[in-house]
file coords34.csv (CSV, C-alpha atoms)
chain,number,residue,atom,x,y,z
F,1,MET,CA,72.0,-59.1,-33.9
F,2,THR,CA,70.8,-55.9,-35.4
F,3,SER,CA,71.3,-52.4,-34.0
F,4,GLU,CA,69.8,-49.0,-34.6
F,5,ALA,CA,72.8,-48.3,-36.9
F,6,ASP,CA,71.4,-51.0,-39.3
F,7,ILE,CA,68.1,-49.3,-39.7
F,8,LYS,CA,67.3,-48.2,-43.2
F,9,TRP,CA,64.8,-45.6,-44.1
F,10,ARG,CA,62.0,-45.3,-46.6
F,11,ILE,CA,58.7,-43.4,-47.2
F,12,PRO,CA,55.8,-45.5,-45.9
F,13,SER,CA,53.8,-47.4,-48.5
F,14,GLY,CA,51.0,-45.2,-49.9
F,15,GLN,CA,52.7,-42.0,-48.7
F,16,ARG,CA,53.3,-39.1,-51.1
F,17,LEU,CA,54.9,-35.8,-50.1
F,18,VAL,CA,54.2,-32.6,-51.9
F,19,PHE,CA,56.6,-29.6,-51.3
F,20,GLU,CA,56.2,-25.9,-51.6
F,21,ASP,CA,59.4,-23.9,-51.1
F,22,PHE,CA,59.2,-20.4,-49.7
F,23,ASP,CA,61.9,-17.9,-48.5
F,24,ASP,CA,61.1,-18.6,-44.8
F,25,GLY,CA,60.6,-22.3,-45.0
F,26,ILE,CA,59.2,-25.3,-46.8
F,27,VAL,CA,55.6,-26.3,-46.5
F,28,MET,CA,54.9,-29.9,-47.1
F,29,PHE,CA,51.6,-31.8,-47.6
F,30,ASP,CA,51.4,-35.4,-46.4
F,31,ALA,CA,49.0,-36.9,-48.9
F,32,LEU,CA,48.5,-40.1,-46.8
F,33,PHE,CA,47.2,-38.4,-43.7
F,34,GLY,CA,46.2,-35.0,-45.2
F,35,SER,CA,48.4,-33.0,-42.8
F,36,THR,CA,50.5,-30.0,-43.6
F,37,HIS,CA,53.9,-29.4,-42.0
F,38,LEU,CA,56.4,-26.5,-41.9
F,39,LEU,CA,59.9,-27.8,-42.4
F,40,ASN,CA,63.4,-26.3,-42.4
F,41,ALA,CA,65.8,-27.0,-45.2
F,42,THR,CA,67.5,-29.9,-43.5
F,43,ALA,CA,64.2,-31.7,-42.8
F,44,ALA,CA,62.9,-31.1,-46.3
F,45,GLU,CA,66.2,-32.3,-47.9
F,46,ALA,CA,66.2,-35.4,-45.6
F,47,LEU,CA,62.7,-36.3,-46.8
F,48,ALA,CA,63.6,-35.7,-50.4
F,49,ILE,CA,66.6,-38.0,-50.0
F,50,VAL,CA,64.6,-40.8,-48.4
F,51,GLU,CA,62.0,-40.5,-51.0
F,52,SER,CA,64.4,-40.6,-54.0
F,53,GLU,CA,66.7,-43.2,-52.5
F,54,PRO,CA,64.7,-45.6,-50.2
F,55,GLY,CA,66.8,-48.0,-48.2
F,56,LEU,CA,69.7,-45.7,-47.1
F,57,ASP,CA,70.9,-45.9,-43.5
F,58,THR,CA,71.3,-42.9,-41.3
F,59,ARG,CA,75.1,-42.6,-42.1
F,60,ARG,CA,74.4,-42.4,-45.8
F,61,ILE,CA,71.6,-40.0,-45.4
F,62,HIS,CA,73.9,-37.8,-43.3
F,63,SER,CA,76.5,-37.8,-46.1
F,64,ARG,CA,73.9,-37.0,-48.8
F,65,LEU,CA,72.7,-34.1,-46.6
F,66,ILE,CA,76.2,-32.7,-46.2
F,67,GLU,CA,76.5,-32.7,-50.0
F,68,ARG,CA,73.1,-31.3,-50.8
F,69,LEU,CA,73.2,-28.6,-48.2
F,70,ALA,CA,76.8,-27.7,-49.1
F,71,ILE,CA,77.9,-27.5,-45.5
F,72,GLU,CA,80.8,-28.7,-43.4
F,73,ALA,CA,80.3,-32.2,-41.9
F,74,ASP,CA,80.9,-31.0,-38.3
F,75,SER,CA,78.1,-28.4,-38.6
F,76,LEU,CA,75.6,-31.2,-38.8
F,77,PRO,CA,76.4,-34.1,-36.4
F,78,ILE,CA,75.1,-37.5,-37.4
F,79,ALA,CA,73.3,-37.6,-34.0
F,80,ALA,CA,71.2,-34.6,-35.2
F,81,VAL,CA,70.3,-36.4,-38.4
F,82,ASP,CA,69.4,-39.6,-36.4
F,83,ASP,CA,67.2,-37.4,-34.1
F,84,LEU,CA,65.6,-35.7,-37.1
F,85,LEU,CA,64.8,-39.1,-38.8
F,86,TRP,CA,63.1,-40.4,-35.6
F,87,ARG,CA,61.1,-37.2,-35.4
F,88,LEU,CA,60.0,-37.6,-39.0
F,89,GLU,CA,59.1,-41.2,-38.1
F,90,ASP,CA,56.9,-40.0,-35.3
F,91,LEU,CA,55.0,-38.0,-37.8
F,92,SER,CA,54.7,-41.1,-40.1
F,93,LEU,CA,56.6,-39.3,-42.8
F,94,VAL,CA,59.4,-41.9,-42.9
F,95,GLY,CA,59.6,-45.5,-41.8
F,96,GLY,CA,62.6,-47.5,-40.5
F,97,PHE,CA,63.2,-51.1,-41.4
F,98,PHE,CA,65.9,-53.8,-41.1
F,99,GLU,CA,67.0,-55.8,-44.2
H,1,MET,CA,13.9,-10.4,-62.2
H,2,SER,CA,15.0,-8.9,-58.9
H,3,VAL,CA,13.3,-9.3,-55.6
H,4,GLY,CA,12.6,-5.6,-55.5
H,5,THR,CA,10.2,-5.9,-58.5
H,6,LEU,CA,7.8,-8.0,-56.4
H,7,ALA,CA,5.2,-6.1,-54.4
H,8,PRO,CA,5.5,-6.7,-50.7
H,9,GLU,CA,2.2,-8.6,-50.5
H,10,VAL,CA,3.3,-10.8,-53.4
H,11,MET,CA,6.6,-11.5,-51.6
H,12,ARG,CA,4.8,-12.4,-48.4
H,13,ALA,CA,2.4,-14.7,-50.2
H,14,SER,CA,5.2,-16.4,-52.1
H,15,LEU,CA,7.2,-17.2,-49.0
H,16,ALA,CA,4.1,-18.4,-47.2
H,17,GLY,CA,3.2,-20.6,-50.2
H,18,ALA,CA,5.6,-22.5,-52.4
H,19,GLY,CA,8.5,-20.3,-51.5
H,20,LEU,CA,10.9,-18.1,-53.4
H,21,ALA,CA,14.2,-19.3,-54.9
H,22,LEU,CA,16.8,-16.6,-54.2
H,23,ARG,CA,19.8,-16.6,-56.6
H,24,ILE,CA,22.8,-15.9,-54.4
H,25,PRO,CA,25.6,-17.0,-56.8
H,26,PRO,CA,27.0,-19.5,-56.9
H,27,ILE,CA,24.0,-21.1,-55.1
H,28,THR,CA,20.2,-20.9,-55.2
H,29,VAL,CA,18.4,-20.9,-51.9
H,30,ARG,CA,14.6,-21.6,-51.7
H,31,LEU,CA,13.1,-19.9,-48.7
H,32,ARG,CA,9.7,-20.6,-47.3
H,33,SER,CA,8.1,-19.0,-44.3
H,34,PRO,CA,4.7,-17.7,-43.1
H,35,LEU,CA,6.3,-14.9,-41.1
H,36,GLN,CA,5.3,-11.7,-42.8
H,37,PHE,CA,7.8,-9.5,-41.0
H,38,LEU,CA,10.6,-11.9,-42.2
H,39,ALA,CA,9.3,-11.6,-45.8
H,40,ASP,CA,9.4,-7.8,-45.5
H,41,GLN,CA,13.0,-7.8,-44.1
H,42,ILE,CA,14.1,-10.2,-46.8
H,43,HIS,CA,12.4,-8.1,-49.4
H,44,ALA,CA,14.4,-5.0,-48.3
H,45,LEU,CA,17.7,-6.7,-47.7
H,46,TYR,CA,17.7,-8.9,-50.9
H,47,ARG,CA,16.0,-6.2,-53.0
H,48,ASP,CA,18.7,-6.4,-55.8
H,49,TYR,CA,19.0,-10.2,-56.0
H,50,ASP,CA,17.4,-12.2,-58.7
H,51,TRP,CA,14.6,-14.6,-57.8
H,52,LEU,CA,13.5,-17.8,-59.6
H,53,ALA,CA,10.2,-19.6,-59.7
H,54,ALA,CA,9.6,-21.7,-56.6
H,55,ASP,CA,9.9,-25.0,-58.6
H,56,ALA,CA,13.3,-24.0,-60.0
H,57,TYR,CA,16.2,-26.2,-58.9
H,58,ALA,CA,17.6,-24.9,-55.5
H,59,ASP,CA,20.8,-26.1,-53.9
H,60,ILE,CA,19.4,-25.5,-50.4
H,61,ASP,CA,15.8,-25.5,-49.2
H,62,ILE,CA,15.2,-23.5,-46.0
H,63,ARG,CA,12.0,-23.1,-44.0
H,64,MET,CA,11.7,-20.6,-41.2
H,65,LEU,CA,8.7,-21.8,-39.2
H,66,PRO,CA,7.1,-20.7,-36.0
H,67,VAL,CA,7.5,-23.5,-33.5
H,68,GLY,CA,4.3,-25.5,-32.8
H,69,GLY,CA,3.5,-28.0,-30.1
H,70,LEU,CA,4.2,-27.2,-26.4
H,71,ARG,CA,6.5,-24.4,-27.2
H,72,ARG,CA,3.6,-22.3,-28.4
H,73,TRP,CA,2.6,-21.8,-24.7
H,74,GLY,CA,5.9,-20.0,-24.1
H,75,ALA,CA,7.4,-17.1,-25.9
H,76,ALA,CA,7.1,-17.4,-29.7
H,77,GLN,CA,10.0,-19.0,-31.4
H,78,VAL,CA,11.2,-19.8,-34.9
H,79,GLN,CA,12.8,-23.0,-36.2
H,80,PHE,CA,15.4,-23.1,-39.0
H,81,ILE,CA,14.8,-26.2,-41.2
H,82,VAL,CA,17.2,-27.0,-44.0
H,83,ASP,CA,16.3,-29.8,-46.4
H,84,GLY,CA,14.0,-31.2,-43.7
H,85,VAL,CA,16.7,-31.2,-40.9
H,86,THR,CA,16.6,-29.0,-37.9
H,87,PRO,CA,20.3,-28.5,-36.9
H,88,PHE,CA,19.7,-25.8,-34.2
H,89,GLU,CA,17.5,-25.1,-31.2
H,90,PRO,CA,14.8,-22.6,-32.1
H,91,PHE,CA,15.4,-18.8,-31.6
H,92,PRO,CA,13.0,-16.2,-30.3
H,93,ILE,CA,10.8,-15.4,-33.3
H,94,ARG,CA,12.0,-11.8,-33.6
H,95,TYR,CA,15.5,-13.1,-34.5
H,96,ALA,CA,14.2,-15.0,-37.6
H,97,LEU,CA,16.4,-12.9,-40.0
H,98,PRO,CA,19.7,-13.3,-38.2
H,99,MET,CA,18.9,-16.9,-37.7
H,100,PHE,CA,18.3,-17.3,-41.5
H,101,GLU,CA,21.6,-15.6,-42.2
H,102,TRP,CA,23.6,-17.6,-39.6
H,103,GLY,CA,21.9,-20.8,-40.6
H,104,LEU,CA,22.7,-20.3,-44.3
H,105,ASN,CA,26.3,-19.6,-43.3
H,106,TRP,CA,26.4,-22.9,-41.4
H,107,VAL,CA,25.0,-24.8,-44.3
H,108,VAL,CA,27.5,-23.2,-46.7
H,109,SER,CA,30.4,-24.1,-44.3
H,110,HIS,CA,29.3,-27.7,-44.2
H,111,ARG,CA,28.4,-28.3,-47.8
H,112,LEU,CA,30.2,-26.0,-50.3
H,113,HIS,CA,33.3,-28.2,-50.7
H,114,ALA,CA,33.6,-27.7,-54.4
H,115,HIS,CA,35.6,-24.6,-53.4
H,116,LEU,CA,38.2,-23.9,-50.8
H,117,LEU,CA,36.3,-21.9,-48.2
H,118,LEU,CA,38.4,-19.2,-46.5
H,119,HIS,CA,37.0,-17.4,-43.6
H,120,CYS,CA,37.5,-14.0,-45.1
H,121,ALA,CA,36.1,-10.9,-46.6
H,122,VAL,CA,36.8,-10.2,-50.2
H,123,VAL,CA,36.7,-6.9,-52.1
H,124,ALA,CA,38.0,-6.1,-55.6
H,125,ARG,CA,39.2,-3.1,-57.6
H,126,ASP,CA,39.3,-3.4,-61.4
H,127,GLU,CA,39.9,-7.2,-61.9
H,128,GLY,CA,42.1,-7.8,-58.8
H,129,ALA,CA,40.9,-8.9,-55.4
H,130,VAL,CA,42.1,-8.3,-51.9
H,131,LEU,CA,41.4,-11.1,-49.4
H,132,LEU,CA,40.8,-10.0,-45.8
H,133,PRO,CA,41.1,-13.3,-43.8
H,134,ALA,CA,40.4,-13.2,-40.1
H,135,TRP,CA,38.5,-14.7,-37.3
H,136,PRO,CA,35.5,-12.9,-35.7
H,137,GLY,CA,36.3,-9.6,-34.0
H,138,SER,CA,39.1,-8.5,-36.2
H,139,GLY,CA,36.9,-6.0,-38.2
H,140,LYS,CA,36.8,-7.7,-41.5
H,141,SER,CA,33.1,-7.2,-42.1
H,142,THR,CA,33.2,-3.5,-41.2
H,143,LEU,CA,36.4,-3.0,-43.3
H,144,SER,CA,34.9,-4.7,-46.3
H,145,ALA,CA,31.7,-2.8,-45.9
H,146,ALA,CA,33.6,0.5,-45.8
H,147,LEU,CA,35.5,-0.4,-48.9
H,148,ALA,CA,32.4,-1.5,-50.7
H,149,CYS,CA,30.7,1.8,-49.8
H,150,GLY,CA,33.8,3.6,-51.1
H,151,GLY,CA,33.6,2.2,-54.6
H,152,TRP,CA,35.3,-1.2,-54.3
H,153,ARG,CA,33.5,-4.2,-55.6
H,154,PHE,CA,32.2,-6.3,-52.8
H,155,LEU,CA,32.4,-10.1,-53.0
H,156,SER,CA,31.9,-11.3,-49.5
H,157,ASP,CA,32.3,-10.3,-45.8
H,158,GLU,CA,32.5,-13.9,-44.6
H,159,TYR,CA,33.7,-16.3,-47.3
H,160,GLY,CA,36.5,-16.4,-49.8
H,161,LEU,CA,35.4,-19.1,-52.3
H,162,VAL,CA,38.6,-20.2,-54.0
H,163,ALA,CA,38.3,-22.2,-57.2
H,164,LEU,CA,40.4,-25.3,-56.9
H,165,ASP,CA,41.5,-25.4,-60.5
H,166,ASP,CA,42.9,-21.8,-60.9
H,167,ALA,CA,42.6,-20.2,-57.4
H,168,ARG,CA,40.3,-17.5,-58.7
H,169,LEU,CA,37.9,-16.0,-56.2
H,170,MET,CA,34.2,-16.6,-56.8
H,171,PRO,CA,31.9,-13.9,-55.4
H,172,PHE,CA,29.4,-14.9,-52.7
H,173,VAL,CA,27.7,-11.6,-52.2
H,174,ARG,CA,25.5,-11.6,-49.1
H,175,PRO,CA,24.3,-8.9,-46.7
H,176,VAL,CA,27.1,-7.7,-44.4
H,177,ALA,CA,26.6,-8.7,-40.8
H,178,LEU,CA,27.5,-5.7,-38.7
H,179,LYS,CA,28.0,-6.1,-35.0
H,180,ASN,CA,27.8,-3.8,-32.0
H,181,GLU,CA,29.6,-0.4,-32.5
H,182,SER,CA,30.2,-1.3,-36.2
H,183,ILE,CA,26.6,-0.5,-36.9
H,184,GLU,CA,26.9,3.1,-35.8
H,185,VAL,CA,30.4,3.3,-37.4
H,186,MET,CA,28.9,2.3,-40.8
H,187,ARG,CA,25.9,4.6,-40.4
H,188,ALA,CA,28.3,7.5,-40.0
H,189,PHE,CA,30.7,6.3,-42.7
H,190,ALA,CA,28.1,5.5,-45.3
H,191,PRO,CA,24.9,7.4,-44.5
H,192,ASP,CA,23.3,6.3,-47.8
H,193,ALA,CA,23.8,2.6,-47.3
H,194,PHE,CA,20.7,0.6,-46.3
H,195,ILE,CA,21.0,-1.1,-43.0
H,196,GLY,CA,18.2,-3.3,-41.8
H,197,PRO,CA,16.7,-3.6,-38.3
H,198,VAL,CA,19.1,-3.9,-35.3
H,199,PHE,CA,18.7,-7.1,-33.3
H,200,PRO,CA,19.9,-6.6,-29.7
H,201,LYS,CA,21.2,-9.2,-27.4
H,202,THR,CA,22.1,-11.9,-29.8
H,203,ARG,CA,24.9,-14.3,-29.0
H,204,LYS,CA,27.2,-11.9,-31.0
H,205,GLY,CA,25.8,-8.8,-29.4
H,206,ARG,CA,23.8,-6.3,-31.4
H,207,VAL,CA,23.6,-7.3,-35.1
H,208,ALA,CA,22.3,-5.5,-38.2
H,209,HIS,CA,22.7,-6.3,-41.9
H,210,LEU,CA,23.9,-3.9,-44.6
H,211,ARG,CA,22.6,-4.4,-48.1
H,212,PRO,CA,25.5,-4.9,-50.5
H,213,PRO,CA,25.9,-2.5,-53.4
H,214,LYS,CA,23.7,-3.3,-56.4
H,215,GLU,CA,26.6,-3.4,-58.9
H,216,SER,CA,28.4,-6.0,-56.7
H,217,ILE,CA,25.3,-8.2,-56.8
H,218,ARG,CA,25.0,-7.7,-60.5
H,219,ARG,CA,28.5,-9.0,-61.0
H,220,GLY,CA,27.9,-11.9,-58.7
H,221,GLU,CA,28.8,-14.6,-61.3
H,222,GLN,CA,32.2,-13.0,-62.3
H,223,PRO,CA,35.3,-14.4,-60.6
H,224,VAL,CA,38.4,-12.3,-59.9
H,225,VAL,CA,42.1,-13.0,-59.5
H,226,ALA,CA,43.6,-12.4,-56.0
H,227,ARG,CA,46.3,-9.7,-55.9
H,228,ALA,CA,46.8,-9.2,-52.2
H,229,ILE,CA,46.1,-10.9,-48.9
H,230,VAL,CA,45.7,-8.6,-45.9
H,231,PHE,CA,45.1,-10.0,-42.4
H,232,PRO,CA,43.2,-7.2,-40.6
H,233,ASP,CA,43.8,-6.6,-36.9
H,234,PHE,CA,41.6,-3.9,-35.5
H,235,ARG,CA,43.0,-2.2,-32.4
H,236,SER,CA,40.9,0.7,-31.2
H,237,GLY,CA,42.8,4.0,-31.1
H,238,GLU,CA,46.0,2.5,-32.6
H,239,ALA,CA,47.8,4.0,-35.6
H,240,THR,CA,47.7,2.2,-39.0
H,241,THR,CA,50.7,0.0,-39.6
H,242,VAL,CA,51.4,-2.8,-42.1
H,243,LYS,CA,53.9,-5.6,-41.9
H,244,ARG,CA,54.7,-8.0,-44.7
H,245,VAL,CA,54.2,-11.8,-44.0
H,246,PRO,CA,56.7,-14.2,-45.7
H,247,GLY,CA,55.4,-17.0,-47.8
H,248,ALA,CA,55.5,-20.1,-45.5
H,249,ALA,CA,54.0,-18.2,-42.6
H,250,ALA,CA,51.4,-16.7,-44.9
H,251,PHE,CA,50.6,-20.2,-46.1
H,252,LEU,CA,50.0,-21.6,-42.6
H,253,LYS,CA,47.9,-18.5,-41.6
H,254,LEU,CA,45.7,-18.9,-44.7
H,255,ALA,CA,45.3,-22.7,-44.5
H,256,GLY,CA,44.5,-22.4,-40.8
H,257,ASN,CA,41.8,-19.9,-41.6
H,258,ALA,CA,39.9,-22.2,-44.0
H,259,PHE,CA,36.7,-24.0,-43.1
H,260,ASN,CA,37.4,-27.0,-45.3
H,261,TYR,CA,41.1,-27.3,-45.9
H,262,GLU,CA,41.3,-30.8,-44.3
H,263,VAL,CA,38.2,-31.9,-46.1
H,264,ILE,CA,39.5,-31.1,-49.5
H,265,GLY,CA,43.1,-32.2,-48.9
H,266,GLU,CA,45.7,-31.9,-51.6
H,267,PRO,CA,43.8,-29.6,-54.0
H,268,ALA,CA,43.3,-27.2,-51.1
H,269,PHE,CA,47.1,-27.3,-50.5
H,270,HIS,CA,47.8,-26.3,-54.1
H,271,ALA,CA,45.1,-23.6,-54.0
H,272,VAL,CA,46.6,-22.0,-50.9
H,273,ALA,CA,50.1,-22.2,-52.5
H,274,ALA,CA,48.8,-20.5,-55.7
H,275,LEU,CA,47.2,-17.7,-53.7
H,276,VAL,CA,50.3,-17.1,-51.6
H,277,ARG,CA,52.6,-17.1,-54.7
H,278,GLY,CA,50.3,-14.8,-56.6
H,279,CYS,CA,49.8,-12.2,-53.8
H,280,ASP,CA,51.6,-9.8,-51.6
H,281,VAL,CA,50.7,-10.8,-48.0
H,282,TRP,CA,50.4,-8.3,-45.1
H,283,VAL,CA,49.1,-7.9,-41.6
H,284,LEU,CA,47.3,-4.6,-41.3
H,285,ARG,CA,46.9,-3.2,-37.8
H,286,TYR,CA,44.4,-0.3,-37.7
H,287,GLY,CA,42.4,1.8,-35.4
H,288,ASP,CA,40.1,3.6,-37.9
H,289,LEU,CA,38.5,2.9,-41.2
H,290,VAL,CA,40.0,5.9,-43.1
H,291,GLY,CA,43.6,4.8,-42.3
H,292,ALA,CA,42.8,1.2,-43.1
H,293,ARG,CA,41.3,2.1,-46.4
H,294,ALA,CA,44.2,4.2,-47.4
H,295,ALA,CA,46.6,1.4,-46.5
H,296,ILE,CA,44.7,-1.1,-48.6
H,297,ASP,CA,44.5,1.3,-51.5
H,298,GLU,CA,48.3,1.6,-51.3
H,299,ILE,CA,48.9,-2.2,-51.0
H,300,MET,CA,46.7,-2.8,-54.0
H,301,SER,CA,48.4,-0.1,-56.1
H,302,GLU,CA,51.7,-1.8,-55.4
H,303,ALA,CA,50.3,-5.2,-56.2
H,304,GLU,CA,48.9,-4.1,-59.5
H,305,VAL,CA,52.3,-3.0,-60.8
H,306,ARG,CA,54.0,-6.1,-59.5

call {"tool": "encode", "arguments": {"input": "coords34.csv", "output": "structure tokens"}}
result
Amino acid sequence: MTSEADIKWRIPSGQRLVFEDFDDGIVMFDALFGSTHLLNATAAEALAIVESEPGLDTRRIHSRLIERLAIEADSLPIAAVDDLLWRLEDLSLVGGFFE
Amino acid sequence: MSVGTLAPEVMRASLAGAGLALRIPPITVRLRSPLQFLADQIHALYRDYDWLAADAYADIDIRMLPVGGLRRWGAAQVQFIVDGVTPFEPFPIRYALPMFEWGLNWVVSHRLHAHLLLHCAVVARDEGAVLLPAWPGSGKSTLSAALACGGWRFLSDEYGLVALDDARLMPFVRPVALKNESIEVMRAFAPDAFIGPVFPKTRKGRVAHLRPPKESIRRGEQPVVARAIVFPDFRSGEATTVKRVPGAAAFLKLAGNAFNYEVIGEPAFHAVAALVRGCDVWVLRYGDLVGARAAIDEIMSEAEVR
């Protein structure tokens, strides 16, 4: 039996993300589909984590985000990270898989 | 040799025969037409542009032909033909000049993908340019014409051609398409400027074309570096105000304003990023040209010392 908690995340094959960081947000180019997105810092960091460490599950991505954003754990619930990853998945920016 | 050196009768004969290749950097357009009034209008409006022999290489071949066949029994019409293709329905024949200008714009928007094409006017002072990106009705043509007639170098009232390797702005100096009350505004603002015939009741209202300054045409092959991006927002009767636009918002406004951002893809993303990083970005709300020009002068002065 597998559950959603077992899902690991990676950038889809052939995908490449290009970031431009500005004071009011991060603009990202999706090289696979040619679309451009405006991201907040949490989304941009989540993508950077998934890109640099493919195969992490949501819990580990949540831990990495807490570290990289230098925030308290309770200010970013794991449910919000799960929701964020699924929204990124809707945009084909990340893909979930079971090992 | 400039078009103005040709006698009007030679101009008419050239267009009616093998055509005339107009050098409108960065492109060359060969125009052929038997319409003598169109030859005279082109002769006046493109007076300061270079022409090449008809057999010279041309990027675009345009014919403006009276429509034959059954249509000749109705009101006379003119057909725009580009490289043998007729992308539009014919226009009433008296609208041949605006049809040529709009048709050429259409061709450029669909083909000039070696550059990022922003929908914007561009003017320059010294070696730095101000981009005025906006959709129709925001006053960018009138504002750029006013700046051009006030000593600024004119690069375009319609297209910002951004080089994909270094984000410099390439001139694309064309006659300025003035619409409706802008025609009278510019006549009053720059009484010495040449403005061609007024075409009433076009799909954009009344239209007339202002001949660009000769010096801007002469420098038509010289690119410039962008220093400021100003989104003009004309509101009749309102005072002039400026508001800074932060980087990510500026990026999205500028990319959304391009004709071919999606066509070009990643190089366009990098070009827009380079422009936004290299420029101060503002929204300019204005109700009169004098106030707008003063605001742009000030924005540029700040940008030049940045």

call {"tool": "closest_atom_pairs", "arguments": {"input": "coords34.csv", "of": "chain F", "to": "chain H", "cutoff": "8 Å", "atoms": "only C-alpha atoms", "output": "tab-separated table"}}
result
residue	atom	partner	partner_atom	distance
F:Glu20	CA	H:Ala273	CA	7.2
F:Asp21	CA	H:Ala248	CA	7.8
F:Phe22	CA	H:Gly247	CA	5.4
F:Asp23	CA	H:Gly247	CA	6.6
F:Asp24	CA	H:Ala248	CA	5.8
F:Gly25	CA	H:Ala248	CA	5.6
F:Ile26	CA	H:Ala248	CA	6.5
F:Val27	CA	H:Ala248	CA	6.3
F:Phe29	CA	H:Phe269	CA	7.0
F:Ala31	CA	H:Glu266	CA	6.6
F:Gly34	CA	H:Gly265	CA	5.6
F:Ser35	CA	H:Glu262	CA	7.6
F:Leu38	CA	H:Ala248	CA	7.4

call {"tool": "write_last_selection", "arguments": {"input": "coords34.csv", "atoms": "C-alpha atoms", "output": "PDB file, in the frame of the given file"}}
result
ATOM      1  CA  GLU F  20      56.200 -25.900 -51.600  1.00  0.00           C
ATOM      2  CA  ASP F  21      59.400 -23.900 -51.100  1.00  0.00           C
ATOM      3  CA  PHE F  22      59.200 -20.400 -49.700  1.00  0.00           C
ATOM      4  CA  ASP F  23      61.900 -17.900 -48.500  1.00  0.00           C
ATOM      5  CA  ASP F  24      61.100 -18.600 -44.800  1.00  0.00           C
ATOM      6  CA  GLY F  25      60.600 -22.300 -45.000  1.00  0.00           C
ATOM      7  CA  ILE F  26      59.200 -25.300 -46.800  1.00  0.00           C
ATOM      8  CA  VAL F  27      55.600 -26.300 -46.500  1.00  0.00           C
ATOM      9  CA  PHE F  29      51.600 -31.800 -47.600  1.00  0.00           C
ATOM     10  CA  ALA F  31      49.000 -36.900 -48.900  1.00  0.00           C
ATOM     11  CA  GLY F  34      46.200 -35.000 -45.200  1.00  0.00           C
ATOM     12  CA  SER F  35      48.400 -33.000 -42.800  1.00  0.00           C
ATOM     13  CA  LEU F  38      56.400 -26.500 -41.900  1.00  0.00           C
TER      14      LEU F  38
END

call {"tool": "residues_near_point", "arguments": {"input": "coords34.csv", "point": "(61.2, -40.6, -35.9)", "cutoff": "12 Å", "atoms": "all atoms listed in the file", "output": "JSON, numbers by chain"}}
result
{"F": [7, 9, 10, 11, 43, 47, 58, 80, 81, 82, 83, 84, 85, 86, 87, 88, 89, 90, 91, 92, 93, 94, 95, 96]}

call {"tool": "closest_residue", "arguments": {"input": "coords34.csv", "among": "H:Phe100, H:Phe88, H:Ser138, H:Val82", "to": "Phe231 (chain H)", "atoms": "only C-alpha atoms"}}
result
H:Ser138

call {"tool": "residues_around", "arguments": {"input": "coords34.csv", "residues": "Met28 (chain F)", "least_positions_apart": "4", "cutoff": "7 Å", "atoms": "all atoms listed in the file", "output": "list in words"}}
result
Leu17, Val18, Phe19, Glu20, Thr36, His37 and Leu38 of chain F

call {"tool": "atom_distance", "arguments": {"input": "coords34.csv", "atom1": "CA of Arg306 (chain H)", "atom2": "CA of Ala228 (chain H)"}}
result
10.7 Å

call {"tool": "residues_around", "arguments": {"input": "coords34.csv", "residues": "Ala239 (chain H)", "least_positions_apart": "4", "cutoff": "8 Å", "atoms": "all atoms listed in the file", "output": "list of chain:residue names"}}
result
H:Arg285, H:Tyr286, H:Gly287, H:Gly291

call {"tool": "atom_distance", "arguments": {"input": "coords34.csv", "atom1": "CA of His119 (chain H)", "atom2": "CA of Val162 (chain H)"}}
result
10.9 Å

call {"tool": "closest_residue", "arguments": {"input": "coords34.csv", "among": "F:Ala5, F:Phe33, F:Leu39, F:Pro12", "to": "Ala79 (chain F)", "atoms": "all atoms listed in the file"}}
result
F:Ala5

call {"tool": "residues_around", "arguments": {"input": "coords34.csv", "residues": "region 132-136 of chain H", "least_positions_apart": "6", "cutoff": "8 Å", "atoms": "only C-alpha atoms", "output": "PDB file with C-alpha atoms, in the coordinates of the input"}}
result
ATOM      1  CA  LEU H 118      38.400 -19.200 -46.500  1.00  0.00           C
ATOM      2  CA  HIS H 119      37.000 -17.400 -43.600  1.00  0.00           C
ATOM      3  CA  CYS H 120      37.500 -14.000 -45.100  1.00  0.00           C
ATOM      4  CA  ALA H 121      36.100 -10.900 -46.600  1.00  0.00           C
ATOM      5  CA  VAL H 122      36.800 -10.200 -50.200  1.00  0.00           C
ATOM      6  CA  SER H 144      34.900  -4.700 -46.300  1.00  0.00           C
ATOM      7  CA  ILE H 229      46.100 -10.900 -48.900  1.00  0.00           C
ATOM      8  CA  VAL H 230      45.700  -8.600 -45.900  1.00  0.00           C
ATOM      9  CA  PHE H 231      45.100 -10.000 -42.400  1.00  0.00           C
ATOM     10  CA  PRO H 232      43.200  -7.200 -40.600  1.00  0.00           C
ATOM     11  CA  LEU H 254      45.700 -18.900 -44.700  1.00  0.00           C
ATOM     12  CA  ASN H 257      41.800 -19.900 -41.600  1.00  0.00           C
TER      13      ASN H 257
END

call {"tool": "residues_around", "arguments": {"input": "coords34.csv", "residues": "Met170 (chain H)", "least_positions_apart": "5", "cutoff": "9 Å", "atoms": "all atoms listed in the file", "output": "ChimeraX atom specification"}}
result
/H:25-26,115,155,160-163,220-224

call {"tool": "closest_residue", "arguments": {"input": "coords34.csv", "among": "H:Asp297, H:Glu238, H:Glu215, H:Asp61", "to": "Gly19 (chain H)", "atoms": "only C-alpha atoms"}}
result
H:Asp61

call {"tool": "atom_distance", "arguments": {"input": "coords34.csv", "atom1": "CA of Ile61 (chain F)", "atom2": "CA of Asp74 (chain F)"}}
result
14.8 Å
